[in-house]
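What follows is the content of final_3.cif (mmCIF, C-alpha atoms).
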```cif
data_input
#
loop_
_atom_site.label_atom_id
_atom_site.label_comp_id
_atom_site.auth_asym_id
_atom_site.auth_seq_id
_atom_site.Cartn_x
_atom_site.Cartn_y
_atom_site.Cartn_z
CA MET A 1 0.00 0.00 0.00
CA LYS A 2 1.41 3.37 -1.05
CA THR A 3 1.05 6.34 1.29
CA VAL A 4 0.85 9.90 -0.08
CA ILE A 5 1.15 13.06 2.04
CA THR A 6 0.71 16.80 1.55
CA TYR A 7 0.89 19.88 3.77
CA GLY A 8 -1.05 23.12 3.78
CA THR A 9 -3.50 25.49 5.43
CA PHE A 10 -6.49 24.71 3.17
CA ASP A 11 -8.24 27.92 4.18
CA MET A 12 -11.75 28.58 2.82
CA PHE A 13 -12.08 25.08 1.40
CA HIS A 14 -12.50 25.04 -2.38
CA VAL A 15 -12.48 22.62 -5.27
CA GLY A 16 -8.77 23.20 -5.93
CA HIS A 17 -8.00 21.63 -2.52
CA LEU A 18 -10.37 18.76 -3.21
CA ARG A 19 -8.89 18.00 -6.63
CA LEU A 20 -5.39 17.98 -5.14
CA PHE A 21 -6.52 15.30 -2.67
CA LYS A 22 -8.23 13.32 -5.43
CA ARG A 23 -5.04 13.39 -7.51
CA MET A 24 -3.09 12.21 -4.47
CA ARG A 25 -5.44 9.23 -4.30
CA GLU A 26 -4.37 8.35 -7.84
CA LEU A 27 -0.76 8.17 -6.59
CA GLY A 28 -1.47 5.82 -3.68
CA GLU A 29 -4.01 4.05 -1.53
CA ARG A 30 -3.57 6.05 1.69
CA VAL A 31 -3.89 9.86 1.61
CA ILE A 32 -2.56 11.86 4.57
CA VAL A 33 -3.17 15.61 4.83
CA ALA A 34 -1.11 17.67 7.28
CA VAL A 35 -3.11 20.78 8.17
CA SER A 36 -1.21 23.85 9.41
CA THR A 37 -2.32 24.88 12.88
CA ASP A 38 -3.21 28.50 13.62
CA GLU A 39 -0.13 28.73 15.85
CA PHE A 40 2.18 27.54 13.06
CA ASN A 41 0.56 30.00 10.63
CA ALA A 42 1.15 32.79 13.14
CA LEU A 43 4.85 31.80 13.20
CA LYS A 44 4.83 32.15 9.41
CA GLY A 45 3.12 35.55 9.65
CA LYS A 46 -0.09 34.15 8.12
CA GLN A 47 -3.62 34.19 9.46
CA ALA A 48 -6.29 31.90 8.08
CA VAL A 49 -9.88 33.12 7.78
CA ILE A 50 -11.14 29.75 9.05
CA PRO A 51 -9.80 28.38 12.38
CA TYR A 52 -7.79 25.16 12.44
CA GLU A 53 -10.53 23.04 14.02
CA GLU A 54 -12.98 23.86 11.23
CA ARG A 55 -10.42 23.41 8.44
CA TYR A 56 -9.62 20.02 10.01
CA GLU A 57 -13.28 19.02 10.34
CA ILE A 58 -14.04 19.68 6.67
CA ILE A 59 -11.06 17.66 5.40
CA ALA A 60 -11.91 14.86 7.85
CA ALA A 61 -15.37 14.63 6.24
CA LEU A 62 -13.98 13.86 2.77
CA LYS A 63 -14.15 10.37 1.31
CA CYS A 64 -10.76 10.73 -0.41
CA VAL A 65 -8.70 11.53 2.72
CA ASP A 66 -7.69 8.77 5.15
CA LEU A 67 -5.75 10.56 7.87
CA ILE A 68 -5.25 14.15 9.01
CA ILE A 69 -2.37 15.32 11.17
CA PRO A 70 -1.52 18.78 12.47
CA GLU A 71 1.40 20.65 10.89
CA THR A 72 3.01 22.48 13.79
CA CYS A 73 6.60 23.24 12.68
CA TRP A 74 8.93 23.38 9.66
CA GLU A 75 11.01 20.41 10.80
CA GLN A 76 8.37 17.71 11.07
CA LYS A 77 8.29 16.51 7.45
CA VAL A 78 11.17 14.03 7.63
CA ILE A 79 9.82 12.69 10.94
CA ASP A 80 6.32 12.30 9.45
CA ILE A 81 7.65 10.56 6.33
CA ARG A 82 9.37 7.97 8.53
CA GLU A 83 6.56 7.64 11.09
CA TYR A 84 3.79 7.19 8.53
CA ASP A 85 5.92 5.21 6.05
CA VAL A 86 5.25 7.78 3.32
CA ASP A 87 6.03 6.86 -0.29
CA VAL A 88 5.08 10.10 -2.05
CA PHE A 89 5.31 13.72 -0.85
CA VAL A 90 3.01 16.02 -2.86
CA MET A 91 2.91 19.80 -3.17
CA GLY A 92 1.45 22.21 -5.72
CA SER A 93 3.76 23.16 -8.58
CA ASP A 94 4.02 26.71 -7.21
CA TRP A 95 6.44 25.07 -4.70
CA SER A 96 8.43 23.35 -7.47
CA GLY A 97 11.93 22.41 -6.31
CA LYS A 98 11.41 23.72 -2.78
CA PHE A 99 11.06 20.28 -1.23
CA ASP A 100 13.72 18.38 -3.17
CA PHE A 101 15.62 18.03 0.12
CA LEU A 102 13.09 15.28 0.91
CA LEU A 103 14.21 13.17 -2.09
CA PRO A 104 16.48 10.94 0.06
CA TYR A 105 13.37 9.89 2.01
CA CYS A 106 10.59 9.47 -0.57
CA ARG A 107 9.33 10.44 -4.03
CA VAL A 108 8.57 14.17 -4.32
CA VAL A 109 5.82 15.21 -6.75
CA TYR A 110 4.78 18.75 -7.64
CA LEU A 111 1.27 18.69 -9.05
CA PRO A 112 0.27 21.45 -11.47
CA ARG A 113 -2.71 23.53 -10.45
CA THR A 114 -5.50 22.41 -12.71
CA LEU A 115 -7.81 25.29 -12.00
CA ASP A 116 -7.72 29.02 -11.93
CA ILE A 117 -8.80 28.94 -8.30
CA SER A 118 -7.01 29.59 -5.04
CA THR A 119 -7.90 30.92 -1.61
CA SER A 120 -6.29 34.22 -2.65
CA SER A 121 -8.32 34.53 -5.87
CA LEU A 122 -11.47 33.62 -3.93
CA LYS A 123 -10.85 36.40 -1.40
CA GLU A 124 -10.18 38.84 -4.24
CA SER A 125 -13.43 37.95 -6.01
CA ILE A 126 -15.36 38.54 -2.77
CA ARG A 127 -13.68 41.89 -2.19
CA SER A 128 -14.20 43.07 -5.80
CA PRO A 129 -17.30 41.27 -7.07
CA ARG A 130 -17.96 43.72 -9.91
CA VAL A 131 -14.56 43.18 -11.40
CA ALA A 132 -14.80 39.44 -10.96
CA PHE A 133 -18.31 38.79 -12.17
CA ASN A 134 -19.47 41.48 -14.53
CA VAL A 135 -16.80 41.32 -17.18
CA MET B 1 -34.50 3.24 5.82
CA LYS B 2 -35.33 6.89 6.46
CA THR B 3 -34.48 9.47 3.79
CA VAL B 4 -33.69 13.08 4.74
CA ILE B 5 -33.48 15.98 2.27
CA THR B 6 -32.42 19.62 2.33
CA TYR B 7 -32.10 22.41 -0.25
CA GLY B 8 -29.64 25.26 -0.61
CA THR B 9 -26.86 26.99 -2.49
CA PHE B 10 -24.01 25.99 -0.14
CA ASP B 11 -21.77 28.72 -1.49
CA MET B 12 -18.18 28.95 -0.19
CA PHE B 13 -18.43 25.63 1.65
CA HIS B 14 -17.98 25.95 5.40
CA VAL B 15 -18.38 23.91 8.56
CA GLY B 16 -21.93 25.20 9.09
CA HIS B 17 -22.99 23.38 5.90
CA LEU B 18 -21.11 20.25 6.94
CA ARG B 19 -22.67 20.16 10.41
CA LEU B 20 -26.14 20.54 8.89
CA PHE B 21 -25.49 17.43 6.76
CA LYS B 22 -24.13 15.54 9.78
CA ARG B 23 -27.24 16.38 11.77
CA MET B 24 -29.38 15.20 8.86
CA ARG B 25 -27.57 11.88 9.05
CA GLU B 26 -28.73 11.60 12.68
CA LEU B 27 -32.33 11.86 11.42
CA GLY B 28 -32.03 9.11 8.81
CA GLU B 29 -29.87 6.70 6.90
CA ARG B 30 -29.97 8.38 3.47
CA VAL B 31 -29.04 12.05 3.12
CA ILE B 32 -30.04 13.89 -0.08
CA VAL B 33 -28.81 17.43 -0.75
CA ALA B 34 -30.51 19.50 -3.44
CA VAL B 35 -28.04 22.12 -4.67
CA SER B 36 -29.41 25.28 -6.28
CA THR B 37 -28.18 25.72 -9.83
CA ASP B 38 -26.72 29.03 -10.97
CA GLU B 39 -29.73 29.50 -13.26
CA PHE B 40 -32.18 29.03 -10.36
CA ASN B 41 -30.16 31.46 -8.22
CA ALA B 42 -30.33 34.00 -11.05
CA LEU B 43 -34.12 33.63 -11.02
CA LYS B 44 -34.01 34.40 -7.28
CA GLY B 45 -31.76 37.42 -7.91
CA LYS B 46 -28.83 35.70 -6.18
CA GLN B 47 -25.36 35.01 -7.50
CA ALA B 48 -23.08 32.49 -5.84
CA VAL B 49 -19.33 33.12 -5.65
CA ILE B 50 -18.66 29.48 -6.51
CA PRO B 51 -20.23 27.97 -9.66
CA TYR B 52 -22.74 25.13 -9.36
CA GLU B 53 -20.40 22.42 -10.68
CA GLU B 54 -17.81 23.14 -7.96
CA ARG B 55 -20.41 23.44 -5.18
CA TYR B 56 -21.78 20.09 -6.35
CA GLU B 57 -18.33 18.46 -6.52
CA ILE B 58 -17.43 19.41 -2.94
CA ILE B 59 -20.70 18.09 -1.48
CA ALA B 60 -20.36 14.90 -3.57
CA ALA B 61 -16.97 14.30 -1.92
CA LEU B 62 -18.44 14.18 1.60
CA LYS B 63 -18.84 10.90 3.47
CA CYS B 64 -22.10 12.01 5.08
CA VAL B 65 -24.03 12.76 1.86
CA ASP B 66 -25.51 9.96 -0.23
CA LEU B 67 -27.14 11.72 -3.16
CA ILE B 68 -27.05 15.17 -4.71
CA ILE B 69 -29.70 16.53 -7.03
CA PRO B 70 -29.99 19.92 -8.73
CA GLU B 71 -32.53 22.42 -7.41
CA THR B 72 -33.85 24.13 -10.51
CA CYS B 73 -37.24 25.60 -9.54
CA TRP B 74 -39.48 26.45 -6.60
CA GLU B 75 -42.05 23.78 -7.41
CA GLN B 76 -39.91 20.65 -7.32
CA LYS B 77 -40.00 19.90 -3.59
CA VAL B 78 -43.26 17.94 -3.52
CA ILE B 79 -42.18 16.02 -6.63
CA ASP B 80 -38.77 15.22 -5.06
CA ILE B 81 -40.35 14.10 -1.78
CA ARG B 82 -42.49 11.60 -3.68
CA GLU B 83 -39.81 10.50 -6.15
CA TYR B 84 -37.13 9.89 -3.53
CA ASP B 85 -39.53 8.62 -0.86
CA VAL B 86 -38.39 11.34 1.56
CA ASP B 87 -39.30 10.98 5.24
CA VAL B 88 -37.81 14.20 6.63
CA PHE B 89 -37.43 17.64 5.01
CA VAL B 90 -34.78 19.74 6.77
CA MET B 91 -34.05 23.47 6.64
CA GLY B 92 -32.20 25.88 8.91
CA SER B 93 -34.30 27.52 11.61
CA ASP B 94 -33.98 30.88 9.84
CA TRP B 95 -36.65 29.38 7.52
CA SER B 96 -38.88 28.36 10.44
CA GLY B 97 -42.49 27.84 9.36
CA LYS B 98 -41.80 28.66 5.70
CA PHE B 99 -42.02 25.04 4.59
CA ASP B 100 -44.94 23.85 6.71
CA PHE B 101 -46.91 23.44 3.46
CA LEU B 102 -44.87 20.23 3.01
CA LEU B 103 -46.31 18.70 6.21
CA PRO B 104 -48.92 16.64 4.31
CA TYR B 105 -46.05 14.88 2.53
CA CYS B 106 -43.34 14.31 5.18
CA ARG B 107 -41.92 15.44 8.52
CA VAL B 108 -40.54 19.02 8.38
CA VAL B 109 -37.64 19.86 10.70
CA TYR B 110 -36.03 23.27 11.17
CA LEU B 111 -32.57 22.78 12.62
CA PRO B 112 -31.12 25.60 14.70
CA ARG B 113 -27.84 27.05 13.48
CA THR B 114 -25.26 25.73 15.87
CA LEU B 115 -22.48 28.08 14.85
CA ASP B 116 -21.95 31.75 14.40
CA ILE B 117 -20.93 31.09 10.82
CA SER B 118 -22.62 31.65 7.49
CA THR B 119 -21.55 32.41 3.94
CA SER B 120 -22.60 36.02 4.56
CA SER B 121 -20.51 36.37 7.73
CA LEU B 122 -17.57 34.73 5.94
CA LYS B 123 -17.76 37.24 3.10
CA GLU B 124 -18.00 40.09 5.60
CA SER B 125 -14.92 38.92 7.50
CA ILE B 126 -12.96 38.79 4.21
CA ARG B 127 -14.09 42.28 3.21
CA SER B 128 -13.35 43.78 6.65
CA PRO B 129 -10.55 41.67 8.17
CA ARG B 130 -9.50 44.29 10.71
CA VAL B 131 -12.95 44.52 12.18
CA ALA B 132 -13.35 40.76 12.22
CA PHE B 133 -9.98 39.67 13.53
CA ASN B 134 -8.27 42.40 15.49
CA VAL B 135 -10.84 43.15 18.11
#
```
Give the structure from this file in structure tokens form.
Amino acid sequence: MKTVITYGTFDMFHVGHLRLFKRMRELGERVIVAVSTDEFNALKGKQAVIPYEERYEIIAALKCVDLIIPETCWEQKVIDIREYDVDVFVMGSDWSGKFDFLLPYCRVVYLPRTLDISTSSLKESIRSPRVAFNV
Amino acid sequence: MKTVITYGTFDMFHVGHLRLFKRMRELGERVIVAVSTDEFNALKGKQAVIPYEERYEIIAALKCVDLIIPETCWEQKVIDIREYDVDVFVMGSDWSGKFDFLLPYCRVVYLPRTLDISTSSLKESIRSPRVAFNV
């Protein structure tokens, strides 16, 4: 059984997140999602709109995800890969090359974004609906 | 087997939607969600941020939902209740009393909102982050 993992905040859940998880499922039988805690995001200078517990609860309700773990620090990836016997580490292609340091431990795959959707673009379309919808 | 149905747009999917579906599951074994199409929303003078296909895809990915159908007109509820052999019709308590005309056909339950979250409040917090987060 192949295990596939990814990491992220997954704020304001959208179909881009879901399709990433579905594509992970094509790479293996067990899909693990590490969800950044609010405390870790604060360390990174980020603040999610949706609190950790709710981001976690939504991902936990998905058929295509088998296990969710908290992402609490930068250093945990190698530990997680060993602990959960991970075969494939997945990130979006906007991170291309940034996680090649994990190559000694598992396969590293950067998946292209298939959609013109992101949490940032979603926020922008809510802030400027006329620009987003009436053109 | 009891069948439970609800109707809505479910724009910008959040934990309030998810918890509604989970509570429906407590009322029966088969949960049907009727998702308003973009065309029906236009008739109502509403426009969702997220297009129908993506709202549908997210709800279809949930463990707690068994069937999704499109909501395309005001008149379909009685037809759906008969066609899908619905036992319980569920709406949020902000609609209290508005669907009592369905009582001859099935049980009608208005579930209280358990969370201070809605698509509207989510949009507001994105438009005015300082007000929402820094107080």
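Every chain A residue lying within 8 Å of chain B, based on only C-alpha atoms, is listed here: Met12, Phe13, His14, Val15, Leu18, Val49, Glu54, Arg55, Glu57, Ile58, Ala61, Leu62, Lys63, Cys64, Lys123, Ser125, Ile126 and Arg127 of chain A.
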Work out how far atom CA of A:Asp80 is from atom CA of A:Ser36, in Å to one decimal.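 It comes out at 13.8 Å.
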Pick the closest to A:Arg107 from A:Arg25, A:Met1, A:Val86, A:Gly92: which is it, counting all atoms listed in the file?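 Checking each candidate against A:Arg107, we get A:Val86 as the closest.
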Could you please determine the separation between atom CA of A:Glu29 and atom CA of B:Val33 in Å, to one decimal place?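 Here the two named atoms are 28.2 Å from each other.
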As an exercise, work out the distance from atom CA of A:Asn41 to atom CA of A:Ser120 in Å and give it to one decimal place.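 Calculated distance between atom CA of A:Asn41 and atom CA of A:Ser120 is 15.5 Å.
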What does the PyMOL selection byres ((chain B and resi 24) around 9) select in this file, as a ChimeraX atom specification? /B:4-6,19-23,25-31,64,88,90
List as an mmCIF file with C-alpha atoms, keeping the file's coordinate frame the residues having at least one atom at most 9 Å from position (-0.8, 19.8, 7.0) as given in the file, counting all atoms listed in the file.
```
data_model
loop_
_atom_site.group_PDB
_atom_site.id
_atom_site.type_symbol
_atom_site.label_atom_id
_atom_site.label_comp_id
_atom_site.auth_asym_id
_atom_site.auth_seq_id
_atom_site.Cartn_x
_atom_site.Cartn_y
_atom_site.Cartn_z
ATOM 1 C CA ILE A 5 1.150 13.060 2.040
ATOM 2 C CA THR A 6 0.710 16.800 1.550
ATOM 3 C CA TYR A 7 0.890 19.880 3.770
ATOM 4 C CA GLY A 8 -1.050 23.120 3.780
ATOM 5 C CA THR A 9 -3.500 25.490 5.430
ATOM 6 C CA PHE A 10 -6.490 24.710 3.170
ATOM 7 C CA ILE A 32 -2.560 11.860 4.570
ATOM 8 C CA VAL A 33 -3.170 15.610 4.830
ATOM 9 C CA ALA A 34 -1.110 17.670 7.280
ATOM 10 C CA VAL A 35 -3.110 20.780 8.170
ATOM 11 C CA SER A 36 -1.210 23.850 9.410
ATOM 12 C CA THR A 37 -2.320 24.880 12.880
ATOM 13 C CA ILE A 68 -5.250 14.150 9.010
ATOM 14 C CA ILE A 69 -2.370 15.320 11.170
ATOM 15 C CA PRO A 70 -1.520 18.780 12.470
ATOM 16 C CA GLU A 71 1.400 20.650 10.890
ATOM 17 C CA THR A 72 3.010 22.480 13.790
#
```
Between A:Asp94, A:Tyr110, A:Thr3, A:Leu103, which is the closest to A:Asp66 once you count all atoms listed in the file? A:Thr3
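Minimum atom-to-atom distances from B:Lys2, B:Leu43, B:Tyr52, B:Arg113 to B:Asp85 were compared using only C-alpha atoms, and the lowest value belongs to B:Lys2.
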